[in-house]
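Source file: structure_34.cif; contents: mmCIF, N, CA and C atoms and all ligand atoms.
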data_coords
loop_
_atom_site.label_atom_id
_atom_site.label_comp_id
_atom_site.auth_asym_id
_atom_site.auth_seq_id
_atom_site.Cartn_x
_atom_site.Cartn_y
_atom_site.Cartn_z
N MET A 1 72.79 10.31 -255.42
CA MET A 1 71.80 10.93 -254.53
C MET A 1 72.51 11.56 -253.34
N SER A 2 72.07 12.70 -252.98
CA SER A 2 72.69 13.36 -251.83
C SER A 2 72.17 12.73 -250.54
N LYS A 3 72.89 12.96 -249.48
CA LYS A 3 72.46 12.44 -248.17
C LYS A 3 71.08 12.96 -247.78
N ASN A 4 70.85 14.23 -248.14
CA ASN A 4 69.55 14.83 -247.80
C ASN A 4 68.40 14.14 -248.52
N THR A 5 68.61 13.81 -249.79
CA THR A 5 67.57 13.12 -250.57
C THR A 5 67.26 11.77 -249.93
N ILE A 6 68.30 11.03 -249.58
CA ILE A 6 68.12 9.71 -248.95
C ILE A 6 67.37 9.87 -247.62
N LEU A 7 67.76 10.87 -246.86
CA LEU A 7 67.12 11.12 -245.57
C LEU A 7 65.62 11.41 -245.75
N ILE A 8 65.31 12.24 -246.75
CA ILE A 8 63.90 12.58 -247.01
C ILE A 8 63.12 11.33 -247.41
N ILE A 9 63.71 10.49 -248.27
CA ILE A 9 63.04 9.25 -248.69
C ILE A 9 62.79 8.35 -247.47
N VAL A 10 63.79 8.21 -246.62
CA VAL A 10 63.64 7.35 -245.43
C VAL A 10 62.51 7.89 -244.53
N VAL A 11 62.48 9.20 -244.32
CA VAL A 11 61.46 9.78 -243.45
C VAL A 11 60.06 9.56 -244.04
N VAL A 12 59.92 9.76 -245.37
CA VAL A 12 58.62 9.57 -246.02
C VAL A 12 58.17 8.12 -245.92
N VAL A 13 59.10 7.18 -246.17
CA VAL A 13 58.76 5.76 -246.11
C VAL A 13 58.32 5.39 -244.68
N MET A 14 59.03 5.90 -243.68
CA MET A 14 58.66 5.60 -242.28
C MET A 14 57.28 6.18 -241.95
N PHE A 15 57.02 7.39 -242.44
CA PHE A 15 55.74 8.04 -242.14
C PHE A 15 54.58 7.26 -242.76
N VAL A 16 54.74 6.93 -244.05
CA VAL A 16 53.67 6.21 -244.77
C VAL A 16 53.48 4.82 -244.16
N GLY A 17 54.60 4.16 -243.85
CA GLY A 17 54.52 2.83 -243.23
C GLY A 17 53.79 2.90 -241.90
N GLY A 18 54.11 3.90 -241.12
CA GLY A 18 53.46 4.08 -239.82
C GLY A 18 51.98 4.34 -239.98
N LEU A 19 51.63 5.13 -240.97
CA LEU A 19 50.22 5.45 -241.24
C LEU A 19 49.45 4.20 -241.64
N ILE A 20 50.03 3.40 -242.53
CA ILE A 20 49.37 2.16 -242.97
C ILE A 20 49.21 1.22 -241.77
N PHE A 21 50.25 1.12 -240.94
CA PHE A 21 50.18 0.27 -239.75
C PHE A 21 49.05 0.73 -238.83
N LYS A 22 48.94 2.05 -238.66
CA LYS A 22 47.94 2.60 -237.74
C LYS A 22 46.52 2.37 -238.24
N LEU A 23 46.34 2.38 -239.57
CA LEU A 23 45.00 2.24 -240.13
C LEU A 23 44.61 0.79 -240.40
N THR A 24 45.52 -0.14 -240.12
CA THR A 24 45.22 -1.54 -240.40
C THR A 24 44.94 -2.27 -239.10
N SER A 25 43.77 -2.88 -239.00
CA SER A 25 43.44 -3.63 -237.79
C SER A 25 44.03 -5.03 -237.90
N LYS A 26 43.88 -5.78 -236.82
CA LYS A 26 44.49 -7.12 -236.76
C LYS A 26 44.01 -8.04 -237.87
N ASP A 27 42.73 -7.90 -238.26
CA ASP A 27 42.21 -8.81 -239.29
C ASP A 27 42.57 -8.33 -240.70
N GLY A 28 43.36 -7.29 -240.80
CA GLY A 28 43.85 -6.86 -242.11
C GLY A 28 42.98 -5.81 -242.78
N SER A 29 41.77 -5.58 -242.23
CA SER A 29 40.92 -4.57 -242.85
C SER A 29 41.42 -3.18 -242.48
N ILE A 30 41.18 -2.25 -243.36
CA ILE A 30 41.62 -0.87 -243.11
C ILE A 30 40.51 -0.14 -242.37
N LYS A 31 40.88 0.49 -241.30
CA LYS A 31 39.87 1.33 -240.64
C LYS A 31 40.56 2.48 -239.91
N ILE A 32 39.78 3.51 -239.69
CA ILE A 32 40.31 4.68 -239.03
C ILE A 32 40.26 4.47 -237.52
N ASP A 33 41.35 4.77 -236.87
CA ASP A 33 41.36 4.69 -235.41
C ASP A 33 40.33 5.65 -234.82
N ARG A 34 39.67 5.19 -233.78
CA ARG A 34 38.72 6.06 -233.10
C ARG A 34 38.78 5.71 -231.63
N ALA A 35 39.05 6.70 -230.85
CA ALA A 35 39.12 6.44 -229.41
C ALA A 35 37.74 6.04 -228.92
N PRO A 36 37.64 5.05 -228.01
CA PRO A 36 36.33 4.67 -227.47
C PRO A 36 35.67 5.87 -226.81
N GLN A 37 34.38 5.99 -227.06
CA GLN A 37 33.62 7.09 -226.49
C GLN A 37 32.76 6.57 -225.35
N LYS A 38 32.52 7.42 -224.38
CA LYS A 38 31.52 7.10 -223.37
C LYS A 38 30.18 7.57 -223.90
N VAL A 39 29.26 6.63 -224.02
CA VAL A 39 27.96 6.95 -224.60
C VAL A 39 26.87 6.69 -223.56
N ALA A 40 26.04 7.69 -223.35
CA ALA A 40 24.94 7.55 -222.38
C ALA A 40 23.62 7.59 -223.14
N ILE A 41 22.81 6.55 -222.94
CA ILE A 41 21.52 6.46 -223.63
C ILE A 41 20.45 6.15 -222.60
N THR A 42 19.36 6.87 -222.69
CA THR A 42 18.25 6.62 -221.77
C THR A 42 17.15 5.88 -222.51
N ILE A 43 16.70 4.80 -221.93
CA ILE A 43 15.58 4.03 -222.48
C ILE A 43 14.44 4.08 -221.46
N VAL A 44 13.28 4.51 -221.93
CA VAL A 44 12.13 4.67 -221.04
C VAL A 44 11.07 3.62 -221.38
N SER A 45 10.52 3.06 -220.34
CA SER A 45 9.32 2.24 -220.47
C SER A 45 8.17 3.08 -219.93
N PRO A 46 7.46 3.77 -220.84
CA PRO A 46 6.41 4.69 -220.36
C PRO A 46 5.23 3.93 -219.77
N LYS A 47 4.54 4.63 -218.89
CA LYS A 47 3.47 4.01 -218.10
C LYS A 47 2.42 3.32 -218.99
N ASN A 48 2.23 2.03 -218.74
CA ASN A 48 1.21 1.22 -219.42
C ASN A 48 1.24 1.33 -220.95
N GLN A 49 2.43 1.26 -221.52
CA GLN A 49 2.56 1.33 -222.99
C GLN A 49 3.15 0.03 -223.56
N TRP A 50 3.81 -0.75 -222.72
CA TRP A 50 4.47 -1.99 -223.16
C TRP A 50 5.38 -1.75 -224.36
N LYS A 51 6.22 -0.76 -224.20
CA LYS A 51 7.25 -0.53 -225.22
C LYS A 51 8.44 0.18 -224.62
N PHE A 52 9.54 0.13 -225.35
CA PHE A 52 10.74 0.86 -224.98
C PHE A 52 10.87 2.07 -225.91
N ILE A 53 11.21 3.21 -225.32
CA ILE A 53 11.47 4.41 -226.13
C ILE A 53 12.88 4.91 -225.79
N PRO A 54 13.80 4.97 -226.75
CA PRO A 54 13.64 4.52 -228.14
C PRO A 54 13.75 3.00 -228.22
N ASP A 55 13.30 2.46 -229.35
CA ASP A 55 13.42 1.02 -229.55
C ASP A 55 14.51 0.69 -230.56
N LYS A 56 15.25 1.72 -230.96
CA LYS A 56 16.39 1.47 -231.86
C LYS A 56 17.52 2.40 -231.43
N ILE A 57 18.63 1.81 -231.03
CA ILE A 57 19.76 2.64 -230.63
C ILE A 57 21.01 2.20 -231.38
N THR A 58 21.85 3.17 -231.67
CA THR A 58 23.05 2.89 -232.47
C THR A 58 24.27 3.44 -231.75
N VAL A 59 25.29 2.61 -231.62
CA VAL A 59 26.56 3.04 -231.05
C VAL A 59 27.67 2.54 -231.97
N LYS A 60 28.89 2.92 -231.66
CA LYS A 60 30.05 2.47 -232.43
C LYS A 60 30.79 1.40 -231.63
N GLN A 61 31.43 0.53 -232.36
CA GLN A 61 32.21 -0.52 -231.72
C GLN A 61 33.23 0.11 -230.75
N TYR A 62 33.40 -0.53 -229.64
CA TYR A 62 34.30 -0.14 -228.54
C TYR A 62 33.78 1.01 -227.69
N ASP A 63 32.61 1.55 -228.03
CA ASP A 63 32.03 2.56 -227.16
C ASP A 63 31.74 1.94 -225.78
N GLU A 64 31.92 2.75 -224.77
CA GLU A 64 31.55 2.35 -223.42
C GLU A 64 30.15 2.90 -223.17
N VAL A 65 29.19 1.99 -223.20
CA VAL A 65 27.79 2.39 -223.23
C VAL A 65 27.18 2.25 -221.84
N THR A 66 26.50 3.29 -221.40
CA THR A 66 25.69 3.19 -220.19
C THR A 66 24.24 3.44 -220.58
N LEU A 67 23.42 2.44 -220.31
CA LEU A 67 21.98 2.59 -220.53
C LEU A 67 21.34 2.99 -219.22
N THR A 68 20.64 4.12 -219.24
CA THR A 68 19.84 4.51 -218.09
C THR A 68 18.42 4.04 -218.38
N LEU A 69 17.91 3.21 -217.50
CA LEU A 69 16.64 2.52 -217.74
C LEU A 69 15.58 3.11 -216.82
N VAL A 70 14.62 3.77 -217.42
CA VAL A 70 13.56 4.42 -216.64
C VAL A 70 12.27 3.61 -216.79
N ASN A 71 11.82 3.05 -215.71
CA ASN A 71 10.56 2.30 -215.73
C ASN A 71 9.49 3.13 -215.03
N GLU A 72 8.55 3.64 -215.80
CA GLU A 72 7.49 4.48 -215.24
C GLU A 72 6.31 3.65 -214.74
N ASP A 73 6.36 2.35 -215.00
CA ASP A 73 5.23 1.51 -214.62
C ASP A 73 5.22 1.15 -213.15
N GLU A 74 4.05 0.71 -212.71
CA GLU A 74 3.88 0.27 -211.32
C GLU A 74 4.28 -1.19 -211.15
N TYR A 75 4.87 -1.76 -212.17
CA TYR A 75 5.31 -3.15 -212.12
C TYR A 75 6.67 -3.23 -212.81
N ASP A 76 7.39 -4.31 -212.52
CA ASP A 76 8.76 -4.45 -213.02
C ASP A 76 8.79 -4.78 -214.51
N HIS A 77 9.85 -4.33 -215.15
CA HIS A 77 10.22 -4.81 -216.47
C HIS A 77 11.66 -5.30 -216.36
N GLY A 78 12.21 -5.71 -217.49
CA GLY A 78 13.63 -6.07 -217.54
C GLY A 78 14.11 -5.78 -218.93
N ILE A 79 15.41 -5.76 -219.10
CA ILE A 79 15.92 -5.62 -220.46
C ILE A 79 17.03 -6.64 -220.65
N ALA A 80 16.91 -7.39 -221.73
CA ALA A 80 17.90 -8.43 -222.03
C ALA A 80 18.42 -8.25 -223.43
N ILE A 81 19.73 -8.36 -223.55
CA ILE A 81 20.38 -8.39 -224.87
C ILE A 81 21.22 -9.66 -224.85
N ASP A 82 20.62 -10.75 -225.29
CA ASP A 82 21.21 -12.08 -225.09
C ASP A 82 22.64 -12.18 -225.60
N LEU A 83 22.88 -11.71 -226.82
CA LEU A 83 24.19 -11.92 -227.45
C LEU A 83 25.29 -11.10 -226.79
N LEU A 84 24.91 -10.16 -225.93
CA LEU A 84 25.91 -9.39 -225.19
C LEU A 84 25.95 -9.80 -223.72
N GLY A 85 25.16 -10.81 -223.37
CA GLY A 85 25.16 -11.30 -221.99
C GLY A 85 24.54 -10.34 -221.00
N ILE A 86 23.61 -9.51 -221.49
CA ILE A 86 22.99 -8.52 -220.61
C ILE A 86 21.56 -8.94 -220.28
N ASN A 87 21.24 -8.91 -219.00
CA ASN A 87 19.86 -9.13 -218.57
C ASN A 87 19.72 -8.50 -217.20
N THR A 88 19.00 -7.40 -217.15
CA THR A 88 18.88 -6.70 -215.88
C THR A 88 17.43 -6.32 -215.63
N ARG A 89 17.07 -6.31 -214.38
CA ARG A 89 15.70 -5.98 -214.01
C ARG A 89 15.52 -4.47 -213.95
N MET A 90 14.35 -4.02 -214.34
CA MET A 90 13.99 -2.60 -214.23
C MET A 90 12.87 -2.51 -213.20
N PRO A 91 13.23 -2.32 -211.94
CA PRO A 91 12.19 -2.32 -210.89
C PRO A 91 11.15 -1.22 -211.13
N ARG A 92 9.95 -1.46 -210.59
CA ARG A 92 8.83 -0.53 -210.78
C ARG A 92 9.18 0.91 -210.38
N THR A 93 8.68 1.84 -211.12
CA THR A 93 8.86 3.28 -210.88
C THR A 93 10.26 3.63 -210.40
N SER A 94 11.23 3.18 -211.17
CA SER A 94 12.60 3.45 -210.76
C SER A 94 13.49 3.69 -211.97
N THR A 95 14.68 4.17 -211.68
CA THR A 95 15.70 4.37 -212.71
C THR A 95 16.91 3.53 -212.32
N SER A 96 17.39 2.75 -213.26
CA SER A 96 18.57 1.93 -213.00
C SER A 96 19.51 2.06 -214.20
N THR A 97 20.70 1.53 -214.07
CA THR A 97 21.64 1.62 -215.19
C THR A 97 22.29 0.27 -215.43
N VAL A 98 22.73 0.09 -216.66
CA VAL A 98 23.56 -1.07 -217.00
C VAL A 98 24.61 -0.56 -217.98
N SER A 99 25.85 -1.01 -217.77
CA SER A 99 26.95 -0.54 -218.61
C SER A 99 27.63 -1.73 -219.28
N PHE A 100 28.13 -1.48 -220.47
CA PHE A 100 28.87 -2.51 -221.19
C PHE A 100 29.75 -1.85 -222.24
N THR A 101 30.74 -2.59 -222.69
CA THR A 101 31.56 -2.12 -223.80
C THR A 101 31.11 -2.85 -225.05
N ALA A 102 30.88 -2.08 -226.10
CA ALA A 102 30.32 -2.64 -227.34
C ALA A 102 31.44 -3.30 -228.16
N THR A 103 31.82 -4.49 -227.74
CA THR A 103 32.97 -5.13 -228.39
C THR A 103 32.62 -5.74 -229.74
N LYS A 104 31.41 -6.23 -229.87
CA LYS A 104 31.02 -6.89 -231.13
C LYS A 104 30.33 -5.89 -232.05
N THR A 105 30.27 -6.22 -233.32
CA THR A 105 29.48 -5.39 -234.23
C THR A 105 28.27 -6.19 -234.71
N GLY A 106 27.25 -5.46 -235.12
CA GLY A 106 26.06 -6.12 -235.64
C GLY A 106 24.81 -5.53 -235.03
N THR A 107 23.70 -6.23 -235.29
CA THR A 107 22.41 -5.81 -234.75
C THR A 107 22.02 -6.80 -233.66
N PHE A 108 21.75 -6.27 -232.49
CA PHE A 108 21.44 -7.11 -231.34
C PHE A 108 20.05 -6.75 -230.84
N ASN A 109 19.16 -7.73 -230.84
CA ASN A 109 17.80 -7.47 -230.39
C ASN A 109 17.76 -7.42 -228.88
N PHE A 110 16.94 -6.52 -228.36
CA PHE A 110 16.70 -6.55 -226.92
C PHE A 110 15.20 -6.69 -226.68
N TYR A 111 14.87 -7.16 -225.49
CA TYR A 111 13.47 -7.43 -225.17
C TYR A 111 13.27 -7.35 -223.67
N CYS A 112 12.03 -7.23 -223.29
CA CYS A 112 11.69 -7.24 -221.87
C CYS A 112 11.84 -8.66 -221.35
N SER A 113 12.56 -8.79 -220.24
CA SER A 113 12.87 -10.12 -219.70
C SER A 113 12.08 -10.45 -218.43
N VAL A 114 11.08 -9.62 -218.13
CA VAL A 114 10.24 -9.89 -216.96
C VAL A 114 8.79 -9.93 -217.45
N ALA A 115 8.10 -11.02 -217.20
CA ALA A 115 6.70 -11.12 -217.62
C ALA A 115 5.92 -9.99 -216.98
N CYS A 116 5.44 -9.06 -217.80
CA CYS A 116 4.89 -7.81 -217.24
C CYS A 116 3.43 -7.57 -217.61
N GLY A 117 2.82 -8.52 -218.27
CA GLY A 117 1.38 -8.40 -218.50
C GLY A 117 1.02 -7.80 -219.84
N GLU A 118 -0.19 -7.23 -219.89
CA GLU A 118 -0.71 -6.71 -221.15
C GLU A 118 -1.80 -5.69 -220.85
N GLY A 119 -2.18 -4.97 -221.90
CA GLY A 119 -3.25 -3.99 -221.72
C GLY A 119 -3.61 -3.36 -223.05
N MET A 120 -4.62 -2.49 -223.01
CA MET A 120 -5.05 -1.80 -224.22
C MET A 120 -4.36 -0.44 -224.29
N VAL A 121 -3.78 -0.16 -225.46
CA VAL A 121 -3.13 1.14 -225.69
C VAL A 121 -3.73 1.71 -226.96
N ASP A 122 -4.44 2.81 -226.86
CA ASP A 122 -5.09 3.45 -228.01
C ASP A 122 -5.94 2.43 -228.79
N GLY A 123 -6.69 1.63 -228.07
CA GLY A 123 -7.60 0.67 -228.69
C GLY A 123 -6.94 -0.59 -229.22
N LYS A 124 -5.60 -0.71 -229.01
CA LYS A 124 -4.91 -1.91 -229.48
C LYS A 124 -4.28 -2.63 -228.29
N LYS A 125 -4.38 -3.96 -228.36
CA LYS A 125 -3.79 -4.75 -227.28
C LYS A 125 -2.27 -4.75 -227.42
N ARG A 126 -1.60 -4.45 -226.34
CA ARG A 126 -0.14 -4.58 -226.32
C ARG A 126 0.24 -5.47 -225.16
N THR A 127 1.33 -6.19 -225.34
CA THR A 127 1.74 -7.13 -224.29
C THR A 127 3.25 -7.05 -224.04
N HIS A 128 3.62 -7.79 -223.04
CA HIS A 128 5.04 -8.00 -222.71
C HIS A 128 5.84 -8.33 -223.97
N TYR A 129 5.25 -9.15 -224.83
CA TYR A 129 6.00 -9.63 -226.01
C TYR A 129 6.20 -8.54 -227.07
N ASP A 130 5.53 -7.40 -226.89
CA ASP A 130 5.75 -6.28 -227.82
C ASP A 130 6.92 -5.40 -227.38
N MET A 131 7.47 -5.70 -226.23
CA MET A 131 8.56 -4.86 -225.72
C MET A 131 9.89 -5.32 -226.33
N LEU A 132 10.13 -4.83 -227.54
CA LEU A 132 11.29 -5.25 -228.33
C LEU A 132 12.06 -4.03 -228.81
N GLY A 133 13.28 -4.26 -229.13
CA GLY A 133 14.08 -3.18 -229.71
C GLY A 133 15.36 -3.73 -230.29
N SER A 134 16.14 -2.86 -230.90
CA SER A 134 17.42 -3.32 -231.42
C SER A 134 18.54 -2.32 -231.14
N LEU A 135 19.67 -2.90 -230.83
CA LEU A 135 20.90 -2.15 -230.60
C LEU A 135 21.81 -2.44 -231.79
N ILE A 136 22.20 -1.39 -232.49
CA ILE A 136 23.10 -1.56 -233.63
C ILE A 136 24.49 -1.08 -233.22
N ILE A 137 25.45 -1.97 -233.36
CA ILE A 137 26.84 -1.59 -233.07
C ILE A 137 27.58 -1.53 -234.40
N GLU A 138 27.91 -0.31 -234.79
CA GLU A 138 28.58 -0.09 -236.08
C GLU A 138 30.09 -0.22 -235.93
N PRO A 139 30.73 -0.77 -236.97
CA PRO A 139 32.19 -0.86 -236.90
C PRO A 139 32.84 0.52 -236.92
CU CU B 1 7.74 -7.58 -219.96
#

Once you've parsed the file, please lay out its structure as structure tokens.
Amino acid sequence: MSKNTILIIVVVVMFVGGLIFKLTSKDGSIKIDRAPQKVAITIVSPKNQWKFIPDKITVKQYDEVTLTLVNEDEYDHGIAIDLLGINTRMPRTSTSTVSFTATKTGTFNFYCSVACGEGMVDGKKRTHYDMLGSLIIEP
């Protein structure tokens, strides 16, 4: 084999090895590197509706998430995502934010964490306990 052939083989082996190393996470699973993204999501609690809009949000693991929380009601709400250690108050007629890094993967339920009452919405009773949603963190 000529020196050039050996050199080419060495370069190819190093390149492929580096690629495999880059695509392999610590737990041994193969995944594509993705730089963490800054993700901004607005969640609204519309006036006298006892719900969050949207009630389903999806981000990617390691995203730096900022939730902008808009409470249109004349009374406080809160938002809690227990498994992520998040629980923040949404004061009446105000906009607030909460930020976190989505380190875990899975589906995390969120709910209103301030007893906020109940009322009739389009002929149906809605209450504090209907203020639910889910955050999906995809790998
Ligand atoms: Cu509530």

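Atom pair CA of Asn109 in chain A / CA of Arg126 in chain A has a distance of 18.6 Å (rounded to one decimal).
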
Could you please extract the residues within 9 Å of ligand CU 1 (chain B), counting only C-alpha atoms and all ligand atoms, and hand them back as an mmCIF file with N, CA and C atoms, in the coordinates of the input?
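Okay, out_35.cif is ready:
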data_model
loop_
_atom_site.group_PDB
_atom_site.id
_atom_site.type_symbol
_atom_site.label_atom_id
_atom_site.label_comp_id
_atom_site.auth_asym_id
_atom_site.auth_seq_id
_atom_site.Cartn_x
_atom_site.Cartn_y
_atom_site.Cartn_z
ATOM 1 N N TRP A 50 3.810 -0.750 -222.720
ATOM 2 C CA TRP A 50 4.470 -1.990 -223.160
ATOM 3 C C TRP A 50 5.380 -1.750 -224.360
ATOM 4 N N LYS A 51 6.220 -0.760 -224.200
ATOM 5 C CA LYS A 51 7.250 -0.530 -225.220
ATOM 6 C C LYS A 51 8.440 0.180 -224.620
ATOM 7 N N ASP A 76 7.390 -4.310 -212.520
ATOM 8 C CA ASP A 76 8.760 -4.450 -213.020
ATOM 9 C C ASP A 76 8.790 -4.780 -214.510
ATOM 10 N N HIS A 77 9.850 -4.330 -215.150
ATOM 11 C CA HIS A 77 10.220 -4.810 -216.470
ATOM 12 C C HIS A 77 11.660 -5.300 -216.360
ATOM 13 N N GLY A 78 12.210 -5.710 -217.490
ATOM 14 C CA GLY A 78 13.630 -6.070 -217.540
ATOM 15 C C GLY A 78 14.110 -5.780 -218.930
ATOM 16 N N ILE A 79 15.410 -5.760 -219.100
ATOM 17 C CA ILE A 79 15.920 -5.620 -220.460
ATOM 18 C C ILE A 79 17.030 -6.640 -220.650
ATOM 19 N N TYR A 111 14.870 -7.160 -225.490
ATOM 20 C CA TYR A 111 13.470 -7.430 -225.170
ATOM 21 C C TYR A 111 13.270 -7.350 -223.670
ATOM 22 N N CYS A 112 12.030 -7.230 -223.290
ATOM 23 C CA CYS A 112 11.690 -7.240 -221.870
ATOM 24 C C CYS A 112 11.840 -8.660 -221.350
ATOM 25 N N SER A 113 12.560 -8.790 -220.240
ATOM 26 C CA SER A 113 12.870 -10.120 -219.700
ATOM 27 C C SER A 113 12.080 -10.450 -218.430
ATOM 28 N N VAL A 114 11.080 -9.620 -218.130
ATOM 29 C CA VAL A 114 10.240 -9.890 -216.960
ATOM 30 C C VAL A 114 8.790 -9.930 -217.450
ATOM 31 N N ALA A 115 8.100 -11.020 -217.200
ATOM 32 C CA ALA A 115 6.700 -11.120 -217.620
ATOM 33 C C ALA A 115 5.920 -9.990 -216.980
ATOM 34 N N CYS A 116 5.440 -9.060 -217.800
ATOM 35 C CA CYS A 116 4.890 -7.810 -217.240
ATOM 36 C C CYS A 116 3.430 -7.570 -217.610
ATOM 37 N N GLY A 117 2.820 -8.520 -218.270
ATOM 38 C CA GLY A 117 1.380 -8.400 -218.500
ATOM 39 C C GLY A 117 1.020 -7.800 -219.840
ATOM 40 N N GLU A 118 -0.190 -7.230 -219.890
ATOM 41 C CA GLU A 118 -0.710 -6.710 -221.150
ATOM 42 C C GLU A 118 -1.800 -5.690 -220.850
ATOM 43 N N THR A 127 1.330 -6.190 -225.340
ATOM 44 C CA THR A 127 1.740 -7.130 -224.290
ATOM 45 C C THR A 127 3.250 -7.050 -224.040
ATOM 46 N N HIS A 128 3.620 -7.790 -223.040
ATOM 47 C CA HIS A 128 5.040 -8.000 -222.710
ATOM 48 C C HIS A 128 5.840 -8.330 -223.970
ATOM 49 N N TYR A 129 5.250 -9.150 -224.830
ATOM 50 C CA TYR A 129 6.000 -9.630 -226.010
ATOM 51 C C TYR A 129 6.200 -8.540 -227.070
ATOM 52 N N ASP A 130 5.530 -7.400 -226.890
ATOM 53 C CA ASP A 130 5.750 -6.280 -227.820
ATOM 54 C C ASP A 130 6.920 -5.400 -227.380
ATOM 55 N N MET A 131 7.470 -5.700 -226.230
ATOM 56 C CA MET A 131 8.560 -4.860 -225.720
ATOM 57 C C MET A 131 9.890 -5.320 -226.330
#

Review point. If you run DSSP on this backbone, which residues of range 11-138 of chain A come out as strand (DSSP E), and could you give them as a count of residues only?
Key: 60

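You can rank A:Gln49, A:Val39, A:Ala80, A:Thr68 by their closest distance to Met120 in chain A using all atoms listed in the file, and at the top of that list sits A:Gln49.
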
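Note that the spacing between atom N of Ser94 in chain A and atom N of Glu72 in chain A amounts to 5.4 Å.
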
Revision key, fill the gap. Taken to one decimal, the CA of Leu84 in chain A-CA of Ala40 in chain A distance is 17.2 Å

Practice item. Quick one: everything within 7 Å of range 60-63 of chain A, counting only N, CA and C atoms, minus sequence neighbours fewer than 3 positions away in the same chain. Send it as number ranges by chain. Key: A: 35-39, 66, 100-105, 136-139

Output N, CA and C atoms of each residue in that selection to a file, as a PDB file, in the frame of the given file.
ATOM      1  N   ALA A  35      39.050   6.700-230.850  1.00  0.00           N
ATOM      2  CA  ALA A  35      39.120   6.440-229.410  1.00  0.00           C
ATOM      3  C   ALA A  35      37.740   6.040-228.920  1.00  0.00           C
ATOM      4  N   PRO A  36      37.640   5.050-228.010  1.00  0.00           N
ATOM      5  CA  PRO A  36      36.330   4.670-227.470  1.00  0.00           C
ATOM      6  C   PRO A  36      35.670   5.870-226.810  1.00  0.00           C
ATOM      7  N   GLN A  37      34.380   5.990-227.060  1.00  0.00           N
ATOM      8  CA  GLN A  37      33.620   7.090-226.490  1.00  0.00           C
ATOM      9  C   GLN A  37      32.760   6.570-225.350  1.00  0.00           C
ATOM     10  N   LYS A  38      32.520   7.420-224.380  1.00  0.00           N
ATOM     11  CA  LYS A  38      31.520   7.100-223.370  1.00  0.00           C
ATOM     12  C   LYS A  38      30.180   7.570-223.900  1.00  0.00           C
ATOM     13  N   VAL A  39      29.260   6.630-224.020  1.00  0.00           N
ATOM     14  CA  VAL A  39      27.960   6.950-224.600  1.00  0.00           C
ATOM     15  C   VAL A  39      26.870   6.690-223.560  1.00  0.00           C
ATOM     16  N   THR A  66      26.500   3.290-221.400  1.00  0.00           N
ATOM     17  CA  THR A  66      25.690   3.190-220.190  1.00  0.00           C
ATOM     18  C   THR A  66      24.240   3.440-220.580  1.00  0.00           C
ATOM     19  N   PHE A 100      28.130  -1.480-220.470  1.00  0.00           N
ATOM     20  CA  PHE A 100      28.870  -2.510-221.190  1.00  0.00           C
ATOM     21  C   PHE A 100      29.750  -1.850-222.240  1.00  0.00           C
ATOM     22  N   THR A 101      30.740  -2.590-222.690  1.00  0.00           N
ATOM     23  CA  THR A 101      31.560  -2.120-223.800  1.00  0.00           C
ATOM     24  C   THR A 101      31.110  -2.850-225.050  1.00  0.00           C
ATOM     25  N   ALA A 102      30.880  -2.080-226.100  1.00  0.00           N
ATOM     26  CA  ALA A 102      30.320  -2.640-227.340  1.00  0.00           C
ATOM     27  C   ALA A 102      31.440  -3.300-228.160  1.00  0.00           C
ATOM     28  N   THR A 103      31.820  -4.490-227.740  1.00  0.00           N
ATOM     29  CA  THR A 103      32.970  -5.130-228.390  1.00  0.00           C
ATOM     30  C   THR A 103      32.620  -5.740-229.740  1.00  0.00           C
ATOM     31  N   LYS A 104      31.410  -6.230-229.870  1.00  0.00           N
ATOM     32  CA  LYS A 104      31.020  -6.890-231.130  1.00  0.00           C
ATOM     33  C   LYS A 104      30.330  -5.890-232.050  1.00  0.00           C
ATOM     34  N   THR A 105      30.270  -6.220-233.320  1.00  0.00           N
ATOM     35  CA  THR A 105      29.480  -5.390-234.230  1.00  0.00           C
ATOM     36  C   THR A 105      28.270  -6.190-234.710  1.00  0.00           C
ATOM     37  N   ILE A 136      22.200  -1.390-232.490  1.00  0.00           N
ATOM     38  CA  ILE A 136      23.100  -1.560-233.630  1.00  0.00           C
ATOM     39  C   ILE A 136      24.490  -1.080-233.220  1.00  0.00           C
ATOM     40  N   ILE A 137      25.450  -1.970-233.360  1.00  0.00           N
ATOM     41  CA  ILE A 137      26.840  -1.590-233.070  1.00  0.00           C
ATOM     42  C   ILE A 137      27.580  -1.530-234.400  1.00  0.00           C
ATOM     43  N   GLU A 138      27.910  -0.310-234.790  1.00  0.00           N
ATOM     44  CA  GLU A 138      28.580  -0.090-236.080  1.00  0.00           C
ATOM     45  C   GLU A 138      30.090  -0.220-235.930  1.00  0.00           C
ATOM     46  N   PRO A 139      30.730  -0.770-236.970  1.00  0.00           N
ATOM     47  CA  PRO A 139      32.190  -0.860-236.900  1.00  0.00           C
ATOM     48  C   PRO A 139      32.840   0.520-236.920  1.00  0.00           C
TER      49      PRO A 139
END

Exercise for review: For a cut-off of 9 Å around (18.7, 3.9, -232.0), file coordinates, pick out all residues using only C-alpha atoms and list them as a ChimeraX atom specification.
Suggested key: /A:54-59,133-136

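Each of A:Gly119, A:Pro46, A:Phe110, A:Arg34 was checked against Asp82 in chain A using all atoms listed in the file; the smallest atom-to-atom distance is that of A:Phe110.
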
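Among the candidates A:Lys124, A:Asn71, A:Gly106, A:Thr42, the residue lying nearest to Met90 in chain A is A:Asn71 (atoms considered: all atoms listed in the file).
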
Would you give the centre and edge lengths, in Å to one decimal, of a box along x, y and z around the listed atoms of range 120-126 of chain A, with 5 Å added to each side, as JSON?
{"center_x": -3.7, "center_y": -1.0, "center_z": -226.2, "size_x": 17.8, "size_y": 18.9, "size_z": 16.5}

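These residues, each with an atom at most 8 Å from (21.6, 0.4, -217.1) using only N, CA and C atoms, are Val65, Thr66, Leu67, Thr68, Leu69, Val70, Thr88, Thr95, Ser96, Thr97, Val98, Ser99 and Phe100 of chain A.
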